[in-house]
$ cat entry19.cif   # mmCIF, C-alpha atoms
data_target
loop_
_atom_site.group_PDB
_atom_site.id
_atom_site.type_symbol
_atom_site.label_atom_id
_atom_site.label_comp_id
_atom_site.auth_asym_id
_atom_site.auth_seq_id
_atom_site.Cartn_x
_atom_site.Cartn_y
_atom_site.Cartn_z
ATOM 1 C CA GLY A 285 16.724 10.442 3.309
ATOM 2 C CA ILE A 286 13.352 9.717 1.636
ATOM 3 C CA GLU A 287 11.791 12.355 -0.598
ATOM 4 C CA PRO A 288 8.151 13.236 0.178
ATOM 5 C CA THR A 289 6.589 12.367 -3.190
ATOM 6 C CA THR A 290 3.085 11.230 -4.025
ATOM 7 C CA GLU A 291 4.419 7.714 -4.537
ATOM 8 C CA THR A 292 6.428 7.464 -1.286
ATOM 9 C CA ILE A 293 3.535 8.887 0.702
ATOM 10 C CA ALA A 294 0.925 6.604 -0.929
ATOM 11 C CA GLU A 295 3.142 3.565 -0.351
ATOM 12 C CA GLY A 296 3.722 4.532 3.303
ATOM 13 C CA VAL A 297 7.480 4.697 2.730
ATOM 14 C CA TYR A 298 7.820 8.370 3.638
ATOM 15 C CA PRO A 299 8.198 8.116 7.435
ATOM 16 C CA VAL A 300 6.074 11.058 8.571
ATOM 17 C CA SER A 301 3.067 10.370 6.333
ATOM 18 C CA ARG A 302 -0.085 8.915 7.810
ATOM 19 C CA PRO A 303 -3.674 8.300 6.713
ATOM 20 C CA LEU A 304 -6.436 10.836 7.253
ATOM 21 C CA TYR A 305 -9.074 9.132 9.356
ATOM 22 C CA PHE A 306 -12.729 10.002 8.979
ATOM 23 C CA TYR A 307 -14.865 8.485 11.727
ATOM 24 C CA ILE A 308 -18.587 7.789 11.514
ATOM 25 C CA LYS A 309 -20.428 5.906 14.206
ATOM 26 C CA ALA A 310 -22.070 2.898 12.550
ATOM 27 C CA ALA A 311 -25.167 3.251 14.741
ATOM 28 C CA HIS A 312 -25.799 6.694 13.211
ATOM 29 C CA ILE A 313 -26.027 5.444 9.617
ATOM 30 C CA GLY A 314 -29.684 5.375 8.633
ATOM 31 C CA VAL A 315 -30.614 7.430 11.716
ATOM 32 C CA ILE A 316 -28.994 10.780 10.948
ATOM 33 C CA PRO A 317 -30.400 12.002 7.632
ATOM 34 C CA GLY A 318 -27.775 12.472 4.928
ATOM 35 C CA LEU A 319 -24.895 10.897 6.866
ATOM 36 C CA GLN A 320 -24.376 8.011 4.434
ATOM 37 C CA GLU A 321 -24.579 10.407 1.499
ATOM 38 C CA TYR A 322 -22.024 12.709 3.151
ATOM 39 C CA ALA A 323 -19.612 9.802 3.717
ATOM 40 C CA ASP A 324 -20.045 8.681 0.104
ATOM 41 C CA PHE A 325 -19.437 12.254 -1.098
ATOM 42 C CA PHE A 326 -16.329 12.748 1.076
ATOM 43 C CA ILE A 327 -14.627 9.664 -0.405
ATOM 44 C CA SER A 328 -15.932 10.094 -3.950
ATOM 45 C CA ASP A 329 -13.495 10.317 -6.855
ATOM 46 C CA GLU A 330 -14.497 13.965 -7.306
ATOM 47 C CA VAL A 331 -13.418 14.857 -3.749
ATOM 48 C CA ALA A 332 -10.849 12.275 -2.609
ATOM 49 C CA GLY A 333 -9.496 11.166 -5.979
ATOM 50 C CA PRO A 334 -6.095 12.187 -7.339
ATOM 51 C CA SER A 335 -7.490 15.242 -9.131
ATOM 52 C CA GLY A 336 -9.982 16.301 -6.440
ATOM 53 C CA PRO A 337 -9.789 19.271 -4.073
ATOM 54 C CA LEU A 338 -8.134 17.249 -1.292
ATOM 55 C CA ALA A 339 -5.204 16.593 -3.647
ATOM 56 C CA ALA A 340 -5.138 20.302 -4.489
ATOM 57 C CA TYR A 341 -4.521 20.940 -0.783
ATOM 58 C CA GLY A 342 -1.598 18.531 -0.786
ATOM 59 C CA LEU A 343 -3.246 15.341 0.440
ATOM 60 C CA VAL A 344 -2.350 12.114 -1.362
ATOM 61 C CA SER A 345 -5.229 10.016 -2.633
ATOM 62 C CA ASP A 346 -5.872 6.636 -1.033
ATOM 63 C CA PRO A 347 -4.140 4.087 -3.279
ATOM 64 C CA GLU A 348 -7.037 1.724 -2.559
ATOM 65 C CA LEU A 349 -9.801 4.326 -2.895
ATOM 66 C CA ALA A 350 -12.154 1.990 -4.803
ATOM 67 C CA ALA A 351 -11.987 -0.582 -1.990
ATOM 68 C CA THR A 352 -12.604 2.140 0.595
ATOM 69 C CA GLN A 353 -15.578 3.427 -1.393
ATOM 70 C CA ALA A 354 -17.043 -0.081 -1.630
ATOM 71 C CA ALA A 355 -16.616 -0.644 2.107
ATOM 72 C CA VAL A 356 -18.267 2.659 3.006
ATOM 73 C CA SER A 357 -21.179 2.216 0.605
ATOM 74 C CA GLY A 358 -21.667 -1.316 1.951
ATOM 75 C CA ASN A 359 -21.549 -0.118 5.586
ATOM 76 C CA VAL A 360 -18.545 -2.325 6.321
ATOM 77 C CA THR A 361 -16.834 -1.495 9.590
ATOM 78 C CA MET A 362 -13.214 -0.678 8.895
ATOM 79 C CA ASN A 363 -10.261 -1.181 11.218
#

$ encode --input "entry19.cif" --output "structure tokens"
Amino acid sequence: GIEPTTETIAEGVYPVSRPLYFYIKAAHIGVIPGLQEYADFFISDEVAGPSGPLAAYGLVSDPELAATQAAVSGNVTMN
């Protein structure tokens, strides 16, 4: 009985929505050339933001994208 809208998906209210996980092994950052830059690019506003190509394919932007970007650029391990 819940409509799949951008809002209900972003809020986690729509029952079959789930986050898209993107895994990077922390030990590889700084060892594999370009890996940090690739991670930063993948979660940039231009790619993962509400008007980026991921949204054009039907994915809903992370409502806390700025916090995710800060964590990734700061090499913070996320749970």

$ residues_around --input "entry19.cif" --residues "segment 285-295 of chain A" --least-positions-apart "6" --cutoff "12 Å" --atoms "all atoms listed in the file" --output "ChimeraX atom specification"
/A:301-304,334,339,342-349

$ closest_residue --input "entry19.cif" --among "A:Glu321, A:Phe326, A:Thr361, A:Ala354" --to "Phe306 of chain A" --atoms "all atoms listed in the file"
A:Phe326

$ atom_distance --input "entry19.cif" --atom1 "atom CA of Val360 of chain A" --atom2 "atom CA of Val297 of chain A"
27.2 Å

$ resolve_selection --input "entry19.cif" --expression "the PyMOL selection byres ((chain A and resi 356) around 12)" --output "PyMOL selection string"
chain A and resi 306-310+313+319-328+349-355+357-362

$ atom_distance --input "entry19.cif" --atom1 "atom CA of Pro337 of chain A" --atom2 "atom CA of Tyr305 of chain A"
16.8 Å

$ atom_distance --input "entry19.cif" --atom1 "atom CA of Gly296 of chain A" --atom2 "atom CA of Glu330 of chain A"
23.1 Å
